[in-house]
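Peer 1: What follows is data_14.pdb, PDB, C-alpha atoms (C1' of nucleotides).
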```
MODEL        1
ATOM      1  CA  MET A   1      57.335 172.874 187.224
ATOM      2  CA  ARG A   2      56.438 175.865 185.105
ATOM      3  CA  ILE A   3      53.062 177.465 184.756
ATOM      4  CA  GLY A   4      52.161 175.669 181.543
ATOM      5  CA  ASP A   5      52.855 172.326 183.150
ATOM      6  CA  LEU A   6      50.782 173.182 186.166
ATOM      7  CA  ALA A   7      47.969 174.233 183.881
ATOM      8  CA  ALA A   8      48.159 170.916 182.066
ATOM      9  CA  ARG A   9      48.257 168.988 185.314
ATOM     10  CA  THR A  10      45.278 170.735 186.844
ATOM     11  CA  GLY A  11      43.178 171.495 183.830
ATOM     12  CA  VAL A  12      43.141 175.144 184.820
ATOM     13  CA  SER A  13      44.169 177.799 182.322
ATOM     14  CA  VAL A  14      47.430 179.683 182.594
ATOM     15  CA  ARG A  15      45.464 182.890 182.888
ATOM     16  CA  ALA A  16      43.489 181.491 185.792
ATOM     17  CA  LEU A  17      46.664 180.451 187.614
ATOM     18  CA  ARG A  18      48.079 183.962 187.293
ATOM     19  CA  TYR A  19      44.741 185.277 188.481
ATOM     20  CA  TYR A  20      44.883 183.030 191.533
ATOM     21  CA  GLU A  21      48.294 184.410 192.364
ATOM     22  CA  GLU A  22      46.995 187.942 191.917
ATOM     23  CA  GLN A  23      44.236 187.099 194.384
ATOM     24  CA  GLY A  24      46.711 185.745 196.897
ATOM     25  CA  LEU A  25      45.601 182.139 196.549
ATOM     26  CA  LEU A  26      48.848 180.850 195.114
ATOM     27  CA  LYS A  27      52.468 181.809 195.518
ATOM     28  CA  ALA A  28      55.211 181.014 193.051
ATOM     29  CA  ASN A  29      58.959 180.782 193.239
ATOM     30  CA  ARG A  30      60.406 183.080 190.634
ATOM     31  CA  SER A  31      63.485 182.202 188.625
ATOM     32  CA  GLY A  32      66.054 184.904 187.996
ATOM     33  CA  SER A  33      64.313 185.883 184.795
ATOM     34  CA  GLY A  34      60.994 186.211 186.555
ATOM     35  CA  GLN A  35      59.424 182.963 185.493
ATOM     36  CA  ARG A  36      57.162 181.122 187.891
ATOM     37  CA  HIS A  37      58.176 177.739 189.223
ATOM     38  CA  TYR A  38      55.964 175.532 191.359
ATOM     39  CA  PRO A  39      56.586 172.505 193.554
ATOM     40  CA  GLU A  40      54.460 169.407 193.086
ATOM     41  CA  SER A  41      52.387 170.250 196.129
ATOM     42  CA  VAL A  42      50.580 173.118 194.455
ATOM     43  CA  VAL A  43      48.698 170.690 192.248
ATOM     44  CA  ASP A  44      46.617 169.685 195.251
ATOM     45  CA  ARG A  45      46.228 173.264 196.283
ATOM     46  CA  VAL A  46      44.910 174.234 192.874
ATOM     47  CA  ASP A  47      42.489 171.320 192.986
ATOM     48  CA  LEU A  48      41.252 172.536 196.340
ATOM     49  CA  ILE A  49      40.864 176.062 195.027
ATOM     50  CA  GLN A  50      38.789 174.701 192.191
ATOM     51  CA  MET A  51      36.574 172.812 194.615
ATOM     52  CA  LEU A  52      35.934 175.929 196.620
ATOM     53  CA  TYR A  53      35.218 178.028 193.549
ATOM     54  CA  ALA A  54      32.818 175.342 192.397
ATOM     55  CA  ALA A  55      31.125 175.558 195.765
ATOM     56  CA  GLY A  56      30.423 179.209 195.122
ATOM     57  CA  LEU A  57      33.077 180.782 197.309
ATOM     58  CA  SER A  58      34.681 184.030 196.194
ATOM     59  CA  SER A  59      38.427 184.559 195.880
ATOM     60  CA  ARG A  60      38.348 186.699 198.958
ATOM     61  CA  THR A  61      36.694 184.000 201.040
ATOM     62  CA  ILE A  62      38.997 181.335 199.678
ATOM     63  CA  ALA A  63      41.962 183.509 200.523
ATOM     64  CA  GLU A  64      40.677 183.733 204.080
ATOM     65  CA  LEU A  65      40.129 180.019 204.422
ATOM     66  CA  LEU A  66      43.199 178.604 202.704
ATOM     67  CA  PRO A  67      45.684 179.303 205.505
ATOM     68  CA  CYS A  68      43.193 177.647 207.812
ATOM     69  CA  VAL A  69      42.880 174.608 205.582
ATOM     70  CA  GLU A  70      46.525 174.151 204.723
ATOM     71  CA  ALA A  71      48.476 175.386 207.707
ATOM     72  CA  LYS A  72      45.776 174.352 210.163
ATOM     73  CA  VAL A  73      46.023 177.779 211.644
ATOM     74  CA  SER A  74      42.863 179.625 212.433
ATOM     75  CA  THR A  75      41.778 182.912 213.865
ATOM     76  CA  PRO A  76      38.333 183.247 215.433
ATOM     77  CA  GLU A  77      37.238 185.061 212.293
ATOM     78  CA  SER A  78      38.471 182.418 209.906
ATOM     79  CA  ARG A  79      36.902 179.708 212.033
ATOM     80  CA  ALA A  80      33.592 181.514 211.961
ATOM     81  CA  ARG A  81      34.006 181.797 208.213
ATOM     82  CA  LEU A  82      34.707 178.112 207.980
ATOM     83  CA  PHE A  83      31.522 177.268 209.840
ATOM     84  CA  ALA A  84      29.495 179.727 207.848
ATOM     85  CA  GLU A  85      30.672 178.370 204.525
ATOM     86  CA  ARG A  86      30.175 174.806 205.604
ATOM     87  CA  ASP A  87      26.614 175.627 206.578
ATOM     88  CA  ARG A  88      26.050 177.524 203.368
ATOM     89  CA  ILE A  89      27.197 174.540 201.369
ATOM     90  CA  ASP A  90      24.861 172.335 203.394
ATOM     91  CA  ALA A  91      21.976 174.618 202.561
ATOM     92  CA  GLN A  92      23.031 174.642 198.954
ATOM     93  CA  ILE A  93      23.048 170.858 198.847
ATOM     94  CA  ALA A  94      19.595 170.793 200.398
ATOM     95  CA  GLY A  95      18.267 173.253 197.846
ATOM     96  CA  LEU A  96      19.850 171.404 194.968
ATOM     97  CA  THR A  97      18.397 168.155 196.214
ATOM     98  CA  ARG A  98      14.929 169.692 196.228
ATOM     99  CA  THR A  99      15.508 171.042 192.741
ATOM    100  CA  ARG A 100      16.699 167.693 191.478
ATOM    101  CA  ASP A 101      13.709 165.938 193.008
ATOM    102  CA  ARG A 102      11.477 168.465 191.339
ATOM    103  CA  LEU A 103      13.098 167.724 187.999
ATOM    104  CA  ASP A 104      12.790 164.012 188.659
ATOM    105  CA  ALA A 105       9.108 164.495 189.251
ATOM    106  CA  VAL A 106       8.826 166.355 185.976
ATOM    107  CA  ILE A 107      10.731 163.610 184.221
ATOM    108  CA  ALA A 108       8.430 161.052 185.735
ATOM    109  CA  SER A 109       5.284 162.892 184.707
ATOM    110  CA  THR A 110       6.284 163.907 181.207
ATOM    111  CA  GLY A 111       8.426 160.850 180.761
ATOM    112  CA  SER A 112       5.885 158.090 181.184
ATOM    113  CA  PRO A 113       4.016 157.742 177.897
ATOM    114  CA  ALA A 114       0.873 157.123 179.883
ATOM    115  CA  SER A 115       0.484 160.658 181.129
ATOM    116  CA  GLY A 116      -0.215 162.887 178.205
ATOM    117  CA  CYS A 117       3.305 163.179 176.980
ATOM    118  CA  THR A 118       3.859 164.472 173.477
ATOM    119  CA  TYR A 119       6.866 162.338 172.747
ATOM    120  CA  ILE A 120       8.173 159.117 174.074
ATOM    121  CA  ALA A 121      11.538 158.788 175.684
ATOM    122  CA  ASP A 122      14.331 159.252 173.214
ATOM    123  CA  ARG A 123      17.000 158.438 175.725
ATOM    124  CA  ASP A 124      17.711 155.499 177.950
ATOM    125  CA  VAL A 125      15.242 156.398 180.631
ATOM    126  CA  ALA A 126      15.912 153.106 182.300
ATOM    127  CA  THR A 127      19.707 152.999 182.328
ATOM    128  CA  GLN A 128      19.383 151.873 185.891
ATOM    129  CA  ALA A 129      16.512 153.215 187.857
ATOM    130  CA  GLY A 130      16.291 156.521 186.080
ATOM    131  CA  ARG A 131      19.541 157.678 187.595
ATOM    132  CA  PRO A 132      22.598 156.898 185.479
ATOM    133  CA  ALA A 133      25.905 157.168 187.285
ATOM    134  CA  ALA A 134      26.709 160.846 187.407
ATOM    135  CA  PRO A 135      29.565 161.838 185.083
ATOM    136  CA  PRO A 136      33.083 162.114 186.611
ATOM    137  CA  MET A 137      32.788 165.503 188.223
ATOM    138  CA  THR A 138      31.865 168.419 186.040
ATOM    139  CA  LEU A 139      30.464 170.794 188.618
ATOM    140  CA  ARG A 140      30.488 173.514 185.972
TER
ATOM    141  CA  MET B   1      -1.590 191.437 191.292
ATOM    142  CA  ARG B   2       0.856 194.080 190.171
ATOM    143  CA  ILE B   3       4.588 193.730 189.783
ATOM    144  CA  GLY B   4       5.389 195.266 193.155
ATOM    145  CA  ASP B   5       3.087 192.818 194.901
ATOM    146  CA  LEU B   6       4.618 189.913 193.063
ATOM    147  CA  ALA B   7       8.053 191.134 194.058
ATOM    148  CA  ALA B   8       6.978 191.294 197.681
ATOM    149  CA  ARG B   9       5.412 187.840 197.524
ATOM    150  CA  THR B  10       8.418 186.179 195.959
ATOM    151  CA  GLY B  11      11.252 188.159 197.424
ATOM    152  CA  VAL B  12      12.503 188.881 193.931
ATOM    153  CA  SER B  13      13.179 192.455 192.849
ATOM    154  CA  VAL B  14      10.937 194.294 190.430
ATOM    155  CA  ARG B  15      13.880 194.651 188.097
ATOM    156  CA  ALA B  16      14.473 190.924 188.149
ATOM    157  CA  LEU B  17      10.839 190.209 187.303
ATOM    158  CA  ARG B  18      11.009 192.515 184.307
ATOM    159  CA  TYR B  19      14.247 190.803 183.356
ATOM    160  CA  TYR B  20      12.573 187.398 183.539
ATOM    161  CA  GLU B  21       9.863 188.631 181.201
ATOM    162  CA  GLU B  22      12.511 189.979 178.854
ATOM    163  CA  GLN B  23      14.105 186.538 178.845
ATOM    164  CA  GLY B  24      10.818 184.865 178.082
ATOM    165  CA  LEU B  25      10.462 183.176 181.447
ATOM    166  CA  LEU B  26       7.389 185.088 182.531
ATOM    167  CA  LYS B  27       4.441 186.556 180.696
ATOM    168  CA  ALA B  28       2.231 189.314 182.027
ATOM    169  CA  ASN B  29      -1.254 190.511 181.258
ATOM    170  CA  ARG B  30      -1.067 194.171 180.429
ATOM    171  CA  SER B  31      -3.725 196.640 181.536
ATOM    172  CA  GLY B  32      -4.848 199.312 179.106
ATOM    173  CA  SER B  33      -2.185 201.658 180.382
ATOM    174  CA  GLY B  34       0.521 199.074 179.915
ATOM    175  CA  GLN B  35       0.886 197.949 183.498
ATOM    176  CA  ARG B  36       1.674 194.317 184.230
ATOM    177  CA  HIS B  37      -0.869 192.195 186.048
ATOM    178  CA  TYR B  38      -0.225 188.666 187.208
ATOM    179  CA  PRO B  39      -2.436 185.816 188.363
ATOM    180  CA  GLU B  40      -1.675 184.051 191.639
ATOM    181  CA  SER B  41      -0.154 181.126 189.805
ATOM    182  CA  VAL B  42       2.950 183.024 188.765
ATOM    183  CA  VAL B  43       4.162 183.069 192.349
ATOM    184  CA  ASP B  44       4.961 179.391 192.073
ATOM    185  CA  ARG B  45       6.481 179.893 188.693
ATOM    186  CA  VAL B  46       8.789 182.586 189.999
ATOM    187  CA  ASP B  47       9.773 180.328 192.878
ATOM    188  CA  LEU B  48      10.619 177.611 190.399
ATOM    189  CA  ILE B  49      12.633 180.024 188.308
ATOM    190  CA  GLN B  50      14.590 180.978 191.397
ATOM    191  CA  MET B  51      15.255 177.331 192.164
ATOM    192  CA  LEU B  52      16.604 176.747 188.708
ATOM    193  CA  TYR B  53      18.743 179.867 188.796
ATOM    194  CA  ALA B  54      20.095 178.750 192.140
ATOM    195  CA  ALA B  55      20.951 175.409 190.588
ATOM    196  CA  GLY B  56      23.141 177.188 188.104
ATOM    197  CA  LEU B  57      20.914 177.088 185.041
ATOM    198  CA  SER B  58      21.017 179.980 182.614
ATOM    199  CA  SER B  59      17.958 181.939 181.489
ATOM    200  CA  ARG B  60      18.197 180.276 178.131
ATOM    201  CA  THR B  61      18.145 176.808 179.614
ATOM    202  CA  ILE B  62      15.339 177.701 181.973
ATOM    203  CA  ALA B  63      13.370 179.072 179.073
ATOM    204  CA  GLU B  64      13.801 175.762 177.305
ATOM    205  CA  LEU B  65      12.740 173.706 180.287
ATOM    206  CA  LEU B  66       9.852 175.724 181.652
ATOM    207  CA  PRO B  67       7.269 174.700 179.055
ATOM    208  CA  CYS B  68       8.291 171.143 179.755
ATOM    209  CA  VAL B  69       7.879 171.585 183.489
ATOM    210  CA  GLU B  70       4.671 173.530 183.491
ATOM    211  CA  ALA B  71       2.728 172.372 180.477
ATOM    212  CA  LYS B  72       4.183 168.870 180.664
ATOM    213  CA  VAL B  73       4.956 169.167 177.006
ATOM    214  CA  SER B  74       8.302 168.022 175.797
ATOM    215  CA  THR B  75      10.220 167.769 172.606
ATOM    216  CA  PRO B  76      13.046 165.266 172.318
ATOM    217  CA  GLU B  77      15.484 168.148 172.717
ATOM    218  CA  SER B  78      13.884 169.511 175.852
ATOM    219  CA  ARG B  79      13.726 166.039 177.336
ATOM    220  CA  ALA B  80      17.401 165.535 176.645
ATOM    221  CA  ARG B  81      18.014 168.879 178.281
ATOM    222  CA  LEU B  82      15.978 167.845 181.258
ATOM    223  CA  PHE B  83      18.043 164.718 181.729
ATOM    224  CA  ALA B  84      21.269 166.548 181.199
ATOM    225  CA  GLU B  85      20.458 169.192 183.783
ATOM    226  CA  ARG B  86      19.233 166.640 186.262
ATOM    227  CA  ASP B  87      22.508 164.767 185.885
ATOM    228  CA  ARG B  88      24.501 167.952 186.148
ATOM    229  CA  ILE B  89      22.751 168.810 189.387
ATOM    230  CA  ASP B  90      23.477 165.326 190.659
ATOM    231  CA  ALA B  91      27.145 165.791 189.893
ATOM    232  CA  GLN B  92      27.038 169.204 191.515
ATOM    233  CA  ILE B  93      25.559 167.725 194.678
ATOM    234  CA  ALA B  94      28.248 165.048 194.705
ATOM    235  CA  GLY B  95      30.990 167.635 194.334
ATOM    236  CA  LEU B  96      29.509 169.874 196.994
ATOM    237  CA  THR B  97      29.235 166.941 199.338
ATOM    238  CA  ARG B  98      32.909 166.186 198.874
ATOM    239  CA  THR B  99      33.754 169.828 199.447
ATOM    240  CA  ARG B 100      31.665 169.951 202.589
ATOM    241  CA  ASP B 101      33.273 166.798 203.918
ATOM    242  CA  ARG B 102      36.645 168.317 203.238
ATOM    243  CA  LEU B 103      35.666 171.410 205.209
ATOM    244  CA  ASP B 104      34.309 169.220 207.977
ATOM    245  CA  ALA B 105      37.655 167.469 208.125
ATOM    246  CA  VAL B 106      39.387 170.808 208.385
ATOM    247  CA  ILE B 107      37.015 171.866 211.117
ATOM    248  CA  ALA B 108      37.694 168.670 212.947
ATOM    249  CA  SER B 109      41.458 169.011 212.693
ATOM    250  CA  THR B 110      41.781 172.704 213.449
ATOM    251  CA  GLY B 111      38.775 172.656 215.701
ATOM    252  CA  SER B 112      39.813 170.184 218.322
ATOM    253  CA  PRO B 113      42.053 172.005 220.798
ATOM    254  CA  ALA B 114      44.157 168.878 220.990
ATOM    255  CA  SER B 115      45.628 169.135 217.510
ATOM    256  CA  GLY B 116      47.801 172.175 217.366
ATOM    257  CA  CYS B 117      45.048 174.703 216.942
ATOM    258  CA  THR B 118      45.863 178.306 217.623
ATOM    259  CA  TYR B 119      42.505 179.210 219.041
ATOM    260  CA  ILE B 120      39.737 177.280 220.644
ATOM    261  CA  ALA B 121      36.269 177.152 219.263
ATOM    262  CA  ASP B 122      34.517 180.473 219.563
ATOM    263  CA  ARG B 123      31.254 179.151 218.280
ATOM    264  CA  ASP B 124      28.889 176.412 219.347
ATOM    265  CA  VAL B 125      30.842 173.570 217.807
ATOM    266  CA  ALA B 126      28.532 171.130 219.479
ATOM    267  CA  THR B 127      25.108 172.570 218.717
ATOM    268  CA  GLN B 128      24.129 169.059 217.804
ATOM    269  CA  ALA B 129      26.777 166.886 216.325
ATOM    270  CA  GLY B 130      28.749 169.625 214.707
ATOM    271  CA  ARG B 131      26.024 170.273 212.195
ATOM    272  CA  PRO B 132      23.575 172.983 213.289
ATOM    273  CA  ALA B 133      20.321 173.095 211.378
ATOM    274  CA  ALA B 134      21.100 174.810 208.113
ATOM    275  CA  PRO B 135      19.570 178.283 207.798
ATOM    276  CA  PRO B 136      16.195 178.572 205.998
ATOM    277  CA  MET B 137      17.395 178.303 202.427
ATOM    278  CA  THR B 138      19.880 180.848 201.234
ATOM    279  CA  LEU B 139      21.404 179.046 198.312
ATOM    280  CA  ARG B 140      23.059 182.291 197.339
TER
ATOM    281  C1'  DC C   1      72.624 181.805 165.890
ATOM    282  C1'  DT C   2      68.055 181.406 164.989
ATOM    283  C1'  DT C   3      63.721 179.278 165.008
ATOM    284  C1'  DG C   4      59.789 178.262 167.619
ATOM    285  C1'  DC C   5      57.545 177.671 171.806
ATOM    286  C1'  DC C   6      56.931 179.308 176.476
ATOM    287  C1'  DT C   7      56.699 183.020 179.549
ATOM    288  C1'  DC C   8      56.222 187.842 181.222
ATOM    289  C1'  DT C   9      53.366 192.203 182.301
ATOM    290  C1'  DG C  10      49.772 195.241 181.380
ATOM    291  C1'  DA C  11      45.350 196.217 179.819
ATOM    292  C1'  DC C  12      41.051 195.891 177.583
ATOM    293  C1'  DG C  13      36.974 192.555 176.475
ATOM    294  C1'  DT C  14      33.205 189.375 178.037
ATOM    295  C1'  DC C  15      29.018 187.576 179.951
ATOM    296  C1'  DA C  16      25.011 187.031 182.973
ATOM    297  C1'  DA C  17      21.836 188.748 186.156
ATOM    298  C1'  DC C  18      20.620 192.109 187.681
ATOM    299  C1'  DG C  19      21.230 197.520 190.111
ATOM    300  C1'  DT C  20      20.438 202.156 189.293
ATOM    301  C1'  DC C  21      19.252 206.421 187.252
ATOM    302  C1'  DA C  22      16.471 209.470 184.110
ATOM    303  C1'  DG C  23      12.352 211.201 182.450
ATOM    304  C1'  DG C  24       7.700 210.478 181.988
ATOM    305  C1'  DT C  25       2.870 208.250 183.048
ATOM    306  C1'  DT C  26      -0.649 206.180 186.195
ATOM    307  C1'  DC C  27      -2.950 204.887 190.230
ATOM    308  C1'  DT C  28      -4.746 205.767 194.843
ATOM    309  C1'  DA C  29      -5.471 207.920 199.379
ATOM    310  C1'  DG C  30      -7.078 211.958 201.471
TER
ATOM    311  C1'  DC D   1      -7.972 217.553 192.854
ATOM    312  C1'  DT D   2      -3.575 216.794 194.174
ATOM    313  C1'  DA D   3       0.404 214.767 196.264
ATOM    314  C1'  DG D   4       2.972 210.818 196.588
ATOM    315  C1'  DA D   5       3.684 206.072 195.665
ATOM    316  C1'  DA D   6       4.022 202.742 192.068
ATOM    317  C1'  DC D   7       4.685 201.825 187.295
ATOM    318  C1'  DC D   8       6.611 202.360 182.519
ATOM    319  C1'  DT D   9      10.648 202.167 178.990
ATOM    320  C1'  DG D  10      15.241 202.773 177.811
ATOM    321  C1'  DA D  11      19.944 202.749 178.844
ATOM    322  C1'  DC D  12      24.153 202.721 181.259
ATOM    323  C1'  DG D  13      26.754 200.693 185.518
ATOM    324  C1'  DT D  14      28.435 196.635 188.317
ATOM    325  C1'  DT D  15      30.820 192.394 189.649
ATOM    326  C1'  DG D  16      33.744 188.224 189.361
ATOM    327  C1'  DA D  17      36.546 185.067 187.024
ATOM    328  C1'  DC D  18      38.575 184.807 183.784
ATOM    329  C1'  DG D  19      39.607 185.312 177.836
ATOM    330  C1'  DT D  20      42.327 187.611 174.656
ATOM    331  C1'  DC D  21      45.533 190.541 172.498
ATOM    332  C1'  DA D  22      49.915 193.311 172.275
ATOM    333  C1'  DG D  23      54.614 193.814 172.741
ATOM    334  C1'  DA D  24      58.794 192.095 174.760
ATOM    335  C1'  DG D  25      61.825 188.779 176.724
ATOM    336  C1'  DG D  26      63.585 183.721 177.837
ATOM    337  C1'  DC D  27      65.089 178.755 176.635
ATOM    338  C1'  DA D  28      66.204 174.271 174.526
ATOM    339  C1'  DA D  29      67.071 172.145 169.896
ATOM    340  C1'  DG D  30      69.302 171.962 165.629
TER
ENDMDL
END
```
For this file, produce the structure as structure tokens.

Peer 2:
Amino acid sequence: MRIGDLAARTGVSVRALRYYEEQGLLKANRSGSGQRHYPESVVDRVDLIQMLYAAGLSSRTIAELLPCVEAKVSTPESRARLFAERDRIDAQIAGLTRTRDRLDAVIASTGSPASGCTYIADRDVATQAGRPAAPPMTLR
Amino acid sequence: MRIGDLAARTGVSVRALRYYEEQGLLKANRSGSGQRHYPESVVDRVDLIQMLYAAGLSSRTIAELLPCVEAKVSTPESRARLFAERDRIDAQIAGLTRTRDRLDAVIASTGSPASGCTYIADRDVATQAGRPAAPPMTLR
DNA sequence: CTTGCCTCTGACGTCAACGTCAGGTTCTAG
DNA sequence: CTAGAACCTGACGTTGACGTCAGAGGCAAG
């Protein structure tokens, strides 16, 4: 599997994949001419990397945690890091939940035509109960 | 209330507050000599701005939503934006939850001394049920 | 063999949310 | 009144995760 294929499979740009390698997140088998070749397994690894980036981790942190996640090998430091990041993500979820609830409240107050709203809903406010199924998984 | 006081009250830097004003997120009453003075109410507004930044919104988006949130005034566009951002945050929470669960699984597998772990837990793995109370509210 | 697409290595560009420094004014405590 | 803290407006610096371009080589099809 060459880099273009991997890019297509993961939805990550070729540039990003080379960047990951530069950051020590990915290793590639090189052909005689220097071209990168990857085994199927890296698809999952790239997906995981994307998850961690989306969770706000830096390349450096990801590089520290990946051996721990994949090889199940951990040093005291990496374990501490693992706990710390897990907790940080928990806090982030909590904060996001508060933010979402705040937005829901705003939607409720400006959304109901009976509370001094300038316009009426122009979208399906009642798709379900105000919460349409979240799209696949954008995560930015 | 001057800008330094507001900074102290909100935990946001003076530079950031001036930046928010530059981006149209905050307005200040100017004294004759040009110094900014704020009413108490802006403290909440700054907190809200921080929440939205933490949720990954850009200044531009925040600027679009703030009138909607504060003055309860909405145009069809801003309402659409409101929904879109709420949904995006929902998706973000879902993704973060999956990421956290993945990390929890890793912790469980590398953490239990009975599964080929190199080191034993060096931290209070069992503070409660593996999930110590998340710190105040970092959110990055 | 050559055409066209893929790949390679630099290396500079980008963007947002500030940090930081310079040079000058203003407020306040003593 | 005077020192020192706080404030002002530019304006340039920073960081991370890439985008983009340049110039050169590699690879399968016809």

Peer 1: Select residues of chain D: the criterion is any atom within 12 Å of an atom of chain A, counting all atoms listed in the file; output as a VMD selection string.

Peer 2: chain D and resid 15 to 20 25 to 27

Peer 1: Please write as an NGL selection string the full residue list that the PyMOL selection byres ((chain D and resi 11) around 10) yields on this file.

Peer 2: (:C and (21-22)) or (:D and (9-10 or 12-13))

Peer 1: Take the PyMOL selection byres ((chain C) within 8 of (chain B)), run it mentally on this structure, and tell me the resulting residues as a PyMOL selection string.

Peer 2: chain C and resi 17-18+26

Peer 1: For the atom pair atom CA of B:Leu25 and atom CA of B:Ala8, what is the interatomic distance in Å to one decimal place?

Peer 2: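 Answer for the atom CA of B:Leu25 to atom CA of B:Ala8 separation: 18.5 Å.
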
Peer 1: Residues proximal to (68.3, 179.5, 163.0) were defined as those with any atom within 12 Å of that point in the file's coordinates, counting all atoms listed in the file. Which are they, as an NGL selection string?

Peer 2: (:C and (1-4)) or (:D and (29-30))

Peer 1: Name the residues captured by the PyMOL selection byres ((chain C and resi 30) around 10) when it is applied to the shown file; answer as a VMD selection string.

Peer 2: (chain C and resid 28 to 29) or (chain D and resid 2 to 3)

Peer 1: When you count all atoms listed in the file, which of these residues is closest to chain B: A:Lys72, A:Arg102, A:Arg81, A:Arg18?

Peer 2: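 The shortest atom-to-atom distance to chain B comes from A:Lys72.
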
Peer 1: Go ahead and compute the interatomic distance for atom CA of B:Lys27 and atom C1' of D:DG4, in Å to one decimal.

Peer 2: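 Taking atom CA of B:Lys27 and atom C1' of D:DG4, their separation equals 29.0 Å.
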
Peer 1: Report, in Å with one decimal, the straight-line distance from atom CA of B:Pro39 to atom CA of B:Ala63.

Peer 2: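 Atom-to-atom, atom CA of B:Pro39 to atom CA of B:Ala63, that is 19.5 Å.
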
Peer 1: Could you give me the centre and size, in Å to one decimal, of an axis-aligned box around all listed atoms of stretch 11-27 of chain C with 3 Å added on every side, as JSON?

Peer 2:
```
{"center_x": 21.2, "center_y": 199.1, "center_z": 183.4, "size_x": 54.3, "size_y": 30.2, "size_z": 19.8}
```
